[in-house]
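Data file: work35.pdb. Format and content: PDB, C-alpha atoms, pLDDT in the B column.
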ATOM      1  CA  MET A   1      60.324  30.721  49.868  1.00 58.00           C
ATOM      2  CA  GLY A   2      56.782  30.455  51.205  1.00 80.00           C
ATOM      3  CA  MET A   3      54.901  32.390  53.809  1.00 92.00           C
ATOM      4  CA  PHE A   4      56.149  33.020  57.337  1.00 94.00           C
ATOM      5  CA  ASP A   5      55.544  35.182  60.399  1.00 93.00           C
ATOM      6  CA  SER A   6      57.936  37.960  61.504  1.00 93.00           C
ATOM      7  CA  PHE A   7      59.413  38.772  64.907  1.00 95.00           C
ATOM      8  CA  TYR A   8      60.967  42.101  65.924  1.00 95.00           C
ATOM      9  CA  PHE A   9      62.669  42.673  69.285  1.00 96.00           C
ATOM     10  CA  LYS A  10      62.514  46.088  70.995  1.00 95.00           C
ATOM     11  CA  ASP A  11      65.423  44.862  73.140  1.00 96.00           C
ATOM     12  CA  PRO A  12      67.638  42.681  70.913  1.00 94.00           C
ATOM     13  CA  SER A  13      69.557  41.428  73.977  1.00 94.00           C
ATOM     14  CA  ILE A  14      66.609  39.114  74.743  1.00 95.00           C
ATOM     15  CA  LEU A  15      68.321  36.886  72.183  1.00 96.00           C
ATOM     16  CA  PRO A  16      71.673  35.652  73.556  1.00 95.00           C
ATOM     17  CA  ASP A  17      74.690  36.738  71.536  1.00 93.00           C
ATOM     18  CA  ASN A  18      72.457  38.543  69.024  1.00 93.00           C
ATOM     19  CA  LYS A  19      74.484  40.569  66.542  1.00 90.00           C
ATOM     20  CA  GLU A  20      71.663  42.649  65.040  1.00 90.00           C
ATOM     21  CA  ASP A  21      69.609  45.606  66.261  1.00 91.00           C
ATOM     22  CA  TYR A  22      65.879  46.135  66.876  1.00 92.00           C
ATOM     23  CA  THR A  23      65.157  46.738  63.166  1.00 91.00           C
ATOM     24  CA  GLN A  24      66.193  43.210  62.156  1.00 93.00           C
ATOM     25  CA  GLU A  25      63.394  40.895  61.080  1.00 93.00           C
ATOM     26  CA  PHE A  26      63.458  37.332  62.368  1.00 96.00           C
ATOM     27  CA  GLN A  27      61.265  34.884  60.447  1.00 95.00           C
ATOM     28  CA  CYS A  28      59.333  31.903  61.781  1.00 96.00           C
ATOM     29  CA  LYS A  29      57.583  29.036  59.992  1.00 95.00           C
ATOM     30  CA  ASP A  30      56.363  27.275  63.160  1.00 95.00           C
ATOM     31  CA  LEU A  31      53.164  29.288  63.711  1.00 92.00           C
ATOM     32  CA  ASP A  32      50.329  30.148  61.283  1.00 86.00           C
ATOM     33  CA  CYS A  33      52.609  31.479  58.499  1.00 90.00           C
ATOM     34  CA  SER A  34      50.043  34.133  57.642  1.00 86.00           C
ATOM     35  CA  LEU A  35      52.434  37.120  57.499  1.00 87.00           C
ATOM     36  CA  ASP A  36      51.667  38.070  61.096  1.00 86.00           C
ATOM     37  CA  LYS A  37      54.094  40.429  62.795  1.00 90.00           C
ATOM     38  CA  TYR A  38      55.074  39.871  66.431  1.00 91.00           C
ATOM     39  CA  ILE A  39      56.660  42.688  68.381  1.00 92.00           C
ATOM     40  CA  VAL A  40      58.552  41.528  71.474  1.00 94.00           C
ATOM     41  CA  ASP A  41      58.835  44.154  74.192  1.00 93.00           C
ATOM     42  CA  GLU A  42      61.736  44.648  76.617  1.00 94.00           C
ATOM     43  CA  ASP A  43      60.236  42.121  79.073  1.00 94.00           C
ATOM     44  CA  GLY A  44      59.747  39.372  76.484  1.00 94.00           C
ATOM     45  CA  PHE A  45      55.975  39.863  75.997  1.00 93.00           C
ATOM     46  CA  LEU A  46      54.655  39.143  72.479  1.00 92.00           C
ATOM     47  CA  TYR A  47      52.253  41.542  70.781  1.00 90.00           C
ATOM     48  CA  LYS A  48      50.684  40.450  67.526  1.00 86.00           C
ATOM     49  CA  LYS A  49      49.960  42.638  64.524  1.00 80.00           C
ATOM     50  CA  ASP A  50      48.317  40.654  61.736  1.00 62.00           C
ATOM     51  CA  TYR A  51      48.628  41.209  57.998  1.00 60.00           C
ATOM     52  CA  GLU A  52      45.543  43.438  57.961  1.00 63.00           C
ATOM     53  CA  GLY A  53      47.238  45.812  60.431  1.00 61.00           C
ATOM     54  CA  SER A  54      45.419  45.028  63.668  1.00 61.00           C
ATOM     55  CA  ASP A  55      46.223  46.887  66.858  1.00 60.00           C
ATOM     56  CA  LEU A  56      49.362  45.942  68.790  1.00 60.00           C
ATOM     57  CA  SER A  57      47.657  46.585  72.101  1.00 59.00           C
ATOM     58  CA  HIS A  58      46.765  42.965  72.755  1.00 64.00           C
ATOM     59  CA  HIS A  59      49.186  40.497  74.243  1.00 72.00           C
ATOM     60  CA  SER A  60      49.428  37.289  72.208  1.00 79.00           C
ATOM     61  CA  PRO A  61      48.633  34.162  74.315  1.00 86.00           C
ATOM     62  CA  ILE A  62      50.914  31.774  72.393  1.00 89.00           C
ATOM     63  CA  THR A  63      52.378  28.787  74.213  1.00 93.00           C
ATOM     64  CA  ASP A  64      54.806  26.946  71.957  1.00 94.00           C
ATOM     65  CA  GLN A  65      58.416  26.149  71.170  1.00 97.00           C
ATOM     66  CA  ILE A  66      59.502  27.761  67.900  1.00 96.00           C
ATOM     67  CA  VAL A  67      62.562  28.470  65.785  1.00 97.00           C
ATOM     68  CA  ILE A  68      63.236  31.988  64.464  1.00 97.00           C
ATOM     69  CA  TYR A  69      65.983  32.966  62.054  1.00 95.00           C
ATOM     70  CA  SER A  70      67.335  36.048  60.313  1.00 93.00           C
ATOM     71  CA  TYR A  71      69.327  36.650  57.170  1.00 86.00           C
ATOM     72  CA  VAL A  72      71.395  39.790  56.638  1.00 81.00           C
ATOM     73  CA  PHE A  73      72.646  40.243  53.097  1.00 74.00           C
ATOM     74  CA  GLU A  74      75.653  42.256  51.991  1.00 71.00           C
ATOM     75  CA  HIS A  75      74.559  45.228  49.887  1.00 68.00           C
ATOM     76  CA  HIS A  76      76.409  47.075  47.165  1.00 70.00           C
ATOM     77  CA  PRO A  77      76.694  50.862  47.771  1.00 79.00           C
ATOM     78  CA  ASP A  78      74.108  51.313  44.989  1.00 81.00           C
ATOM     79  CA  GLY A  79      71.623  49.316  47.074  1.00 71.00           C
ATOM     80  CA  TYR A  80      71.356  45.940  45.383  1.00 68.00           C
ATOM     81  CA  ILE A  81      72.146  42.677  47.190  1.00 66.00           C
ATOM     82  CA  LEU A  82      75.505  41.124  46.372  1.00 66.00           C
ATOM     83  CA  ASN A  83      75.431  37.416  45.624  1.00 64.00           C
ATOM     84  CA  ASN A  84      78.854  36.428  46.908  1.00 62.00           C
ATOM     85  CA  GLY A  85      78.195  34.201  49.903  1.00 57.00           C
ATOM     86  CA  LYS A  86      78.551  36.993  52.472  1.00 65.00           C
ATOM     87  CA  THR A  87      75.086  36.386  53.924  1.00 79.00           C
ATOM     88  CA  LYS A  88      74.944  36.501  57.730  1.00 86.00           C
ATOM     89  CA  TYR A  89      72.557  34.124  59.482  1.00 90.00           C
ATOM     90  CA  GLN A  90      71.305  33.634  63.048  1.00 94.00           C
ATOM     91  CA  GLU A  91      68.877  31.034  64.379  1.00 96.00           C
ATOM     92  CA  TYR A  92      67.259  30.774  67.819  1.00 97.00           C
ATOM     93  CA  GLU A  93      64.954  28.350  69.557  1.00 98.00           C
ATOM     94  CA  LEU A  94      62.379  30.160  71.696  1.00 97.00           C
ATOM     95  CA  THR A  95      60.137  28.748  74.399  1.00 97.00           C
ATOM     96  CA  ILE A  96      56.982  30.833  74.789  1.00 96.00           C
ATOM     97  CA  LYS A  97      54.465  30.414  77.625  1.00 96.00           C
ATOM     98  CA  ASN A  98      51.262  32.472  77.624  1.00 94.00           C
ATOM     99  CA  GLY A  99      52.811  34.982  75.241  1.00 92.00           C
ATOM    100  CA  ILE A 100      56.049  35.502  77.190  1.00 94.00           C
ATOM    101  CA  ILE A 101      59.455  34.304  76.018  1.00 96.00           C
ATOM    102  CA  THR A 102      60.762  32.161  78.865  1.00 96.00           C
ATOM    103  CA  SER A 103      63.846  30.806  77.108  1.00 97.00           C
ATOM    104  CA  SER A 104      65.924  31.717  74.056  1.00 97.00           C
ATOM    105  CA  VAL A 105      68.873  29.661  72.854  1.00 97.00           C
ATOM    106  CA  LYS A 106      71.084  30.385  69.846  1.00 96.00           C
ATOM    107  CA  THR A 107      71.180  27.214  67.761  1.00 97.00           C
ATOM    108  CA  ASN A 108      73.031  28.335  64.645  1.00 94.00           C
ATOM    109  CA  GLU A 109      75.088  31.218  63.277  1.00 91.00           C
ATOM    110  CA  GLY A 110      77.044  31.873  60.118  1.00 86.00           C
ATOM    111  CA  GLY A 111      78.805  34.682  58.284  1.00 80.00           C
ATOM    112  CA  TYR A 112      80.000  36.545  61.408  1.00 77.00           C
ATOM    113  CA  ASN A 113      83.528  36.454  62.751  1.00 64.00           C
ATOM    114  CA  THR A 114      84.185  35.625  66.412  1.00 49.00           C
ATOM    115  CA  GLU A 115      84.138  39.291  67.464  1.00 52.00           C
ATOM    116  CA  GLY A 116      80.738  39.868  65.846  1.00 43.00           C
ATOM    117  CA  ILE A 117      82.056  42.363  63.286  1.00 46.00           C
ATOM    118  CA  ASP A 118      81.083  42.034  59.659  1.00 47.00           C
ATOM    119  CA  GLU A 119      83.818  39.954  58.016  1.00 46.00           C
ATOM    120  CA  LYS A 120      84.358  42.478  55.201  1.00 47.00           C
ATOM    121  CA  ASP A 121      85.374  45.097  57.813  1.00 44.00           C
ATOM    122  CA  ASN A 122      88.433  43.084  58.858  1.00 40.00           C
TER
END

So that I can check it, write out the structure of this file as structure tokens.
Amino acid sequence: MGMFDSFYFKDPSILPDNKEDYTQEFQCKDLDCSLDKYIVDEDGFLYKKDYEGSDLSHHSPITDQIVIYSYVFEHHPDGYILNNGKTKYQEYELTIKNGIITSSVKTNEGGYNTEGIDEKDN
């Protein structure tokens, strides 16, 4: 699977048509891939917390175009992940200028129905 960086969104609506909440991890392989964690605030500002647990108080000055994606797996009531193809997937292309998300476009989605409800609930 390899290393990656993680993105979390305090306001998930920054991502258009996002079907997950603020706890969902989005992964990215377009930056340093050093297990850094980026927290995105309600205004689209990126704050970096590195693997060693650095402070989130500094704004990350990234300028780049990246792809982030998330996987949500179906879990059995006992907690283990079911391997039956019910994985949900979202992918976004983000444009970041001086540590602020200026554009976010959904580029791929799978495993959700058109209403955004988990397919097994239908």

Nearest to Lys19 in chain A by atom-to-atom distance, counting all atoms listed in the file, from A:Glu93, A:Lys88, A:Ile100, A:Ser34: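 Among the listed residues, the smallest separation from Lys19 in chain A belongs to A:Lys88.
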
12 Å contact set for Asp41 in chain A, all atoms listed in the file, chain neighbours under 3 positions out, as a list in words: Phe7, Tyr8, Phe9, Lys10, Asp11, Pro12, Ser13, Ile14, Tyr22, Tyr38, Gly44, Phe45, Leu46, Tyr47, Lys48, Leu56, Ser57, His59, Ser60, Gly99, Ile100 and Ile101 of chain A

Matched chain/residue IDs from the PyMOL selection byres ((chain A and resi 65-72) around 10), as JSON, numbers by chain: {"A": [5, 6, 7, 20, 24, 25, 26, 27, 28, 29, 30, 31, 62, 63, 64, 73, 74, 75, 81, 86, 87, 88, 89, 90, 91, 92, 93, 94, 95, 96, 97, 101, 103, 104, 105, 106, 107, 108, 109, 110, 111]}

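One distance worth recording is that between CA of Asn18 in chain A and CA of Glu42 in chain A, which is 14.5 Å.
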
Interatomic distance (Å, one decimal) between CA of Phe4 in chain A and CA of Asp43 in chain A: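 Calculated distance between CA of Phe4 in chain A and CA of Asp43 in chain A is 23.9 Å.
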
Interatomic distance, CA of Asn98 in chain A to CA of Asp32 in chain A (Å, one decimal):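 Between these atoms lies a distance of 16.5 Å.
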
Counting all atoms listed in the file, the residue of A:Pro77, A:Gly2, A:Pro16, A:Pro61 that sits nearest Cys33 in chain A: A:Gly2
